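Participant: Got a structure here, written out as structure tokens. Questions coming.
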4 protein chains.
Amino acid sequence: MLLGGLREEVLAANLELVRRGVVVYTFGNVSGISRKDGLVAIKPSGVPYEELTAEQIVLCNLDGRVVESNLRPSSDLPTHIELYKHFPNIGGVAHTHSEYGTAWAQAKLPIPCFGTTHADYFHGPIPVTPDLTADEIAGEYEKATGEVIVRTFANIDPDHNPGVLVAGHAPFCWGNSAGDAVHNAVIVEYIARMATHTLAVNPDARPLARALHDKHFFRKHGAGAYYGQGRGGA
Amino acid sequence: MLLGGLREEVLAANLELVRRGVVVYTFGNVSGISRKDGLVAIKPSGVPYEELTAEQIVLCNLDGRVVESNLRPSSDLPTHIELYKHFPNIGGVAHTHSEYGTAWAQAKLPIPCFGTTHADYFHGPIPVTPDLTADEIAGEYEKATGEVIVRTFANIDPDHNPGVLVAGHAPFCWGNSAGDAVHNAVIVEYIARMATHTLAVNPDARPLARALHDKHFFRKHGAGAYYGQGRGGA
Amino acid sequence: MLLGGLREEVLAANLELVRRGVVVYTFGNVSGISRKDGLVAIKPSGVPYEELTAEQIVLCNLDGRVVESNLRPSSDLPTHIELYKHFPNIGGVAHTHSEYGTAWAQAKLPIPCFGTTHADYFHGPIPVTPDLTADEIAGEYEKATGEVIVRTFANIDPDHNPGVLVAGHAPFCWGNSAGDAVHNAVIVEYIARMATHTLAVNPDARPLARALHDKHFFRKHGAGAYYGQGRGGA
Amino acid sequence: MLLGGLREEVLAANLELVRRGVVVYTFGNVSGISRKDGLVAIKPSGVPYEELTAEQIVLCNLDGRVVESNLRPSSDLPTHIELYKHFPNIGGVAHTHSEYGTAWAQAKLPIPCFGTTHADYFHGPIPVTPDLTADEIAGEYEKATGEVIVRTFANIDPDHNPGVLVAGHAPFCWGNSAGDAVHNAVIVEYIARMATHTLAVNPDARPLARALHDKHFFRKHGAGAYYGQGRGGA
């Protein structure tokens, strides 16, 4: 089995989506990339998670051509590929229709950074894309979805903001690996839940002050990080 | 046991309702039809799900007469029968009092299509019936419930909109089979949850643009479908 | 063990409270009465549910005197006793601080009957008591809680409205037996959830029309009932 | 293993956080103190709960110096230490980012006492701290977090109000022991949920009258307590 390790990792990441309660039925998909081989491993389209095996994980090249599989890849593959092409440091992509994250995407509003949970992961609000045009929808829709995400990040660092809300659709998240992308997808759902409740309790709630936002983000990321057991700490 | 396969399928579909968290106690019921035999298999009235067996699933003809059972059918049988009579392509009906779907039915508002999750299943808002009249309630109430659903679909295609909210009551959903009807009932609950949160976050949220709504619906349905592993795809 | 059967039933009903997710820690308590013996069996005060045994269920007479136990009864015993004294047909009482039912009690609003789920159990809104006076709180507080419930039901039939919200406190429910009281406590929580979501979606939602409310209530209760497998049906 | 009993207790308390659903991933941490030894036992930083062992629980003195461990303590240690230094009766501290408690912290609003569930644990609203200044954030941030909590309690008795919302961050709770601190953290989440729903149902909801608030608090605390099986009762 070609790239068996990557496939096992992508399988495990897909199953983790289910375990964390961020997908229902066949919604959602996770992929991982081998940059060295230029190959993406992704969930097959419409296969129930409970039946999924590593063999069924579909390998594709960056043109979207299937390399080794009898199954079709997730129909969202072209979106994943756009992200891999333009965000050179990412190793995995996770797409969910998680309950509250999707609600914010449907509301077409970015999620403001209301607290340090958010600031631990995102160095700014979780952005929302503009709407696709009718032409983009009628054309290569899934590729256009990737393109509008990339445009949304023209002035945002994808390594410091590992996810986005696609307007009227749902979140796409990414990370160092397929597993890390799923971790970020779970966090986006959690942040979205808390932001919803924050506004319910106080419609005038204000985003976190910049100083505190920076403090929490850089406590966990970059050269000055001192959270966890890693070597980068103070 | 007459139509044992259908009964087993209807039993499994009823139990799936419980597993998916869309019923509490004996609320809810699922039926399936054998079009060839003109017989409907439905949950008995008021029997706890945990005790339900395939033998207890009640077989009835389309006049509502019990064919083989010591138990009474669900009191909602006449509603199911109206749907089978007027929606000729459906093979199963599922009724729940799921938490958020019922809330929308109680609010007497159709669920707008706020996103692609909705558009993947419903080609339009999830409709809500008008109120029954006092005469309809006093007469054959459960049959009248079916009739008001059918009237609500006078200009809506039930094959493209597999569910409805009965005003002041709860959702009824349908599908190709009993299992498919349950699948749609779970989706209606999920859509209802997300629509509720969408409005909480943005009271001015707008329905999805028609082009994106059509794109998602026809990505999964009809001759041009290309989602899943079926043969209809691009 | 005196009245072992009743104690086992009250134990099972208390554990069912936990299983149904309507209590956290030691909150909540259930009792049952033997009318013949004039004895009430109730959960001991502050004992964790996971350790509870039938032997620990406390037997008391209707003066609140403990008949057989080393443990103190729930501090809410005097409330239960008032209900048994004034509602002669009830066999069990369940008190919870369930999440949404308590929220309505804290909001000091009756729960309007927005749909047929509610109408299947309550023949009217779920009432809320007036506040206790400072004197009542300073005096025999738990007894006064029972008295204010009884006063609230001066013109309401407790057999057709098996529960109440104590203002600023939480629900008390009752039924034919301890188990039935728990069933009603779970239903009150479910109705409270749905009513909350109904108002979130439509702040102008209106209570169910009287005809439909009556239809559903009497479909399940009284001489004309035809729901379930009982003999009273049409 | 030094202070093995305390470490086991702190381990159990950390795992209880997970079991009660108030943490996601590595968020949250619990510590306990041996006042006699002047040592604090705390969760290591960034270690997944499912892998945590008693050996990994980090022992530190009240200067924050690690006494026995290869692992770094939770980065929130300096906050815990401030609380131990200024609240002399507490034996444990629990920090979570629980969903609703964090939402109130993000909303920067104290949780009003809307009902007796709250009054059973807190003798007043659950306070929210003022914002930290930019200087405090830039300096010893985690210590400053402890200091702002202590300042918030200048006129509040921490023994009667076992928790606080740190503005823009999340709850910190405490108690007689690590386990008791976790118990209070779970209760704060439950109170926060119910307060959110109370305001959803009735935006004009009023705090509990003082007499009822006192009644419930002192039913469970102090010399006149009569709840539970303890000796202090009436």
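Ligands are numbered from 1 in the order shown, residues from 1 within each chain, and chains are lettered A, B, ... in the order they appear in the structure tokens.
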Enumerate, as a PyMOL selection string, the complete set of residues in region 4-111 of chain C that a backbone-based DSSP assignment places in strand (DSSP E or B).
Facilitator: chain C and resi 29-34+39-42+44+58-61+66-68+73+92-95+111
Participant: Export, as a PDB file, in the first residue's frame, the selected residues with N, CA and C atoms.
Facilitator:
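Written file, again-v6.pdb:
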ATOM      1  N   ASN C  29     -34.389  14.861  44.320  1.00  0.00           N
ATOM      2  CA  ASN C  29     -34.812  13.776  45.184  1.00  0.00           C
ATOM      3  C   ASN C  29     -36.185  13.299  44.749  1.00  0.00           C
ATOM      4  N   VAL C  30     -36.423  12.018  44.989  1.00  0.00           N
ATOM      5  CA  VAL C  30     -37.699  11.410  44.623  1.00  0.00           C
ATOM      6  C   VAL C  30     -38.240  10.700  45.847  1.00  0.00           C
ATOM      7  N   SER C  31     -39.561  10.735  46.005  1.00  0.00           N
ATOM      8  CA  SER C  31     -40.210   9.962  47.053  1.00  0.00           C
ATOM      9  C   SER C  31     -41.403   9.222  46.472  1.00  0.00           C
ATOM     10  N   GLY C  32     -41.863   8.235  47.236  1.00  0.00           N
ATOM     11  CA  GLY C  32     -43.103   7.530  46.903  1.00  0.00           C
ATOM     12  C   GLY C  32     -43.880   7.337  48.198  1.00  0.00           C
ATOM     13  N   ILE C  33     -45.191   7.157  48.083  1.00  0.00           N
ATOM     14  CA  ILE C  33     -46.009   7.021  49.282  1.00  0.00           C
ATOM     15  C   ILE C  33     -46.779   5.703  49.270  1.00  0.00           C
ATOM     16  N   SER C  34     -46.881   5.092  50.439  1.00  0.00           N
ATOM     17  CA  SER C  34     -47.857   4.031  50.641  1.00  0.00           C
ATOM     18  C   SER C  34     -49.035   4.672  51.362  1.00  0.00           C
ATOM     19  N   LEU C  39     -47.097   6.113  54.924  1.00  0.00           N
ATOM     20  CA  LEU C  39     -45.641   6.272  55.006  1.00  0.00           C
ATOM     21  C   LEU C  39     -45.059   6.731  53.667  1.00  0.00           C
ATOM     22  N   VAL C  40     -44.086   7.631  53.784  1.00  0.00           N
ATOM     23  CA  VAL C  40     -43.384   8.162  52.618  1.00  0.00           C
ATOM     24  C   VAL C  40     -41.962   7.619  52.618  1.00  0.00           C
ATOM     25  N   ALA C  41     -41.515   7.121  51.452  1.00  0.00           N
ATOM     26  CA  ALA C  41     -40.129   6.662  51.290  1.00  0.00           C
ATOM     27  C   ALA C  41     -39.397   7.697  50.462  1.00  0.00           C
ATOM     28  N   ILE C  42     -38.267   8.209  50.955  1.00  0.00           N
ATOM     29  CA  ILE C  42     -37.584   9.327  50.288  1.00  0.00           C
ATOM     30  C   ILE C  42     -36.077   9.147  50.360  1.00  0.00           C
ATOM     31  N   PRO C  44     -32.293   9.841  51.155  1.00  0.00           N
ATOM     32  CA  PRO C  44     -31.626  10.508  52.277  1.00  0.00           C
ATOM     33  C   PRO C  44     -30.940  11.790  51.790  1.00  0.00           C
ATOM     34  N   VAL C  58     -35.187   6.508  53.164  1.00  0.00           N
ATOM     35  CA  VAL C  58     -35.707   6.804  54.503  1.00  0.00           C
ATOM     36  C   VAL C  58     -37.231   6.719  54.510  1.00  0.00           C
ATOM     37  N   LEU C  59     -37.782   6.015  55.488  1.00  0.00           N
ATOM     38  CA  LEU C  59     -39.236   5.942  55.658  1.00  0.00           C
ATOM     39  C   LEU C  59     -39.679   6.951  56.717  1.00  0.00           C
ATOM     40  N   CYS C  60     -40.707   7.744  56.401  1.00  0.00           N
ATOM     41  CA  CYS C  60     -41.210   8.752  57.330  1.00  0.00           C
ATOM     42  C   CYS C  60     -42.729   8.706  57.347  1.00  0.00           C
ATOM     43  N   ASN C  61     -43.299   9.145  58.444  1.00  0.00           N
ATOM     44  CA  ASN C  61     -44.759   9.276  58.433  1.00  0.00           C
ATOM     45  C   ASN C  61     -45.129  10.683  57.947  1.00  0.00           C
ATOM     46  N   VAL C  66     -39.139  10.249  61.182  1.00  0.00           N
ATOM     47  CA  VAL C  66     -38.462   9.104  60.568  1.00  0.00           C
ATOM     48  C   VAL C  66     -38.893   7.825  61.273  1.00  0.00           C
ATOM     49  N   VAL C  67     -39.282   6.813  60.497  1.00  0.00           N
ATOM     50  CA  VAL C  67     -39.776   5.567  61.054  1.00  0.00           C
ATOM     51  C   VAL C  67     -38.666   4.537  61.171  1.00  0.00           C
ATOM     52  N   GLU C  68     -37.857   4.454  60.160  1.00  0.00           N
ATOM     53  CA  GLU C  68     -36.814   3.433  60.204  1.00  0.00           C
ATOM     54  C   GLU C  68     -35.624   3.890  59.384  1.00  0.00           C
ATOM     55  N   PRO C  73     -33.670  12.223  56.252  1.00  0.00           N
ATOM     56  CA  PRO C  73     -34.329  12.303  54.940  1.00  0.00           C
ATOM     57  C   PRO C  73     -33.884  13.568  54.203  1.00  0.00           C
ATOM     58  N   GLY C  92     -46.249   9.643  43.914  1.00  0.00           N
ATOM     59  CA  GLY C  92     -44.811   9.928  43.933  1.00  0.00           C
ATOM     60  C   GLY C  92     -44.533  11.385  43.628  1.00  0.00           C
ATOM     61  N   VAL C  93     -43.402  11.871  44.116  1.00  0.00           N
ATOM     62  CA  VAL C  93     -42.972  13.255  43.896  1.00  0.00           C
ATOM     63  C   VAL C  93     -41.502  13.245  43.482  1.00  0.00           C
ATOM     64  N   ALA C  94     -41.174  14.035  42.467  1.00  0.00           N
ATOM     65  CA  ALA C  94     -39.777  14.150  42.014  1.00  0.00           C
ATOM     66  C   ALA C  94     -39.383  15.618  41.950  1.00  0.00           C
ATOM     67  N   HIS C  95     -38.245  15.911  42.549  1.00  0.00           N
ATOM     68  CA  HIS C  95     -37.730  17.280  42.544  1.00  0.00           C
ATOM     69  C   HIS C  95     -36.365  17.262  41.858  1.00  0.00           C
ATOM     70  N   ILE C 111     -44.475  28.125  31.850  1.00  0.00           N
ATOM     71  CA  ILE C 111     -44.122  27.685  30.490  1.00  0.00           C
ATOM     72  C   ILE C 111     -45.404  27.577  29.675  1.00  0.00           C
TER      73      ILE C 111
END
Participant: So that I can check the surroundings of Ser75 (chain B), please list as a PyMOL selection string every protein, DNA and RNA residue that reaches within 12 Å of it, counting only C-alpha atoms and ignoring chain neighbours fewer than 5 positions away.
Facilitator: (chain B and resi 26-30+42-47+58+64+80-81+95+140-143+145) or (chain C and resi 216+219-220+225-229+233-234)
Participant: Quick check: residues of chain D within 6 Å of chain C, only C-alpha atoms, returned as a list in words.
Facilitator: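 Here is what falls inside 6 Å: Phe114, Gly115, Thr116, Met194, His197, Thr198, Asn202, Ala205 and Gly228 of chain D.
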Participant: Excluding same-chain residues fewer than 6 positions from Phe153 (chain C), what lies within 10 Å of it counting only C-alpha atoms, as a list of chain:residue names?
Facilitator: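 Surrounding residues, per the criterion: C:His86, C:Phe87, C:Pro127, C:Val128, C:Thr129, C:Glu147, C:Asn161, C:Val164.
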Participant: Please produce a file of the residues just selected, as a short mmCIF file (atom, residue, chain, number, x, y, z; two decimals), in the first residue's frame, where the atoms kept are N, CA and C atoms.
Facilitator:
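As written to disk, out15.cif reads:
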data_model
loop_
_atom_site.label_atom_id
_atom_site.label_comp_id
_atom_site.auth_asym_id
_atom_site.auth_seq_id
_atom_site.Cartn_x
_atom_site.Cartn_y
_atom_site.Cartn_z
N HIS C 86 -52.26 17.24 50.14
CA HIS C 86 -53.29 18.01 49.43
C HIS C 86 -53.62 17.48 48.05
N PHE C 87 -52.78 16.64 47.51
CA PHE C 87 -53.06 16.07 46.18
C PHE C 87 -53.31 14.57 46.40
N PRO C 127 -47.39 25.85 35.63
CA PRO C 127 -47.48 27.07 36.45
C PRO C 127 -46.20 27.38 37.22
N VAL C 128 -46.06 28.63 37.59
CA VAL C 128 -44.95 29.06 38.44
C VAL C 128 -45.57 29.61 39.72
N THR C 129 -44.97 29.31 40.86
CA THR C 129 -45.52 29.81 42.13
C THR C 129 -45.22 31.29 42.29
N GLU C 147 -46.63 24.54 50.68
CA GLU C 147 -47.88 25.31 50.81
C GLU C 147 -48.09 26.26 49.64
N ASN C 161 -52.12 18.39 35.67
CA ASN C 161 -50.96 19.30 35.55
C ASN C 161 -49.91 18.82 36.53
N VAL C 164 -44.84 21.77 38.66
CA VAL C 164 -44.87 23.20 38.93
C VAL C 164 -43.44 23.70 38.97
#
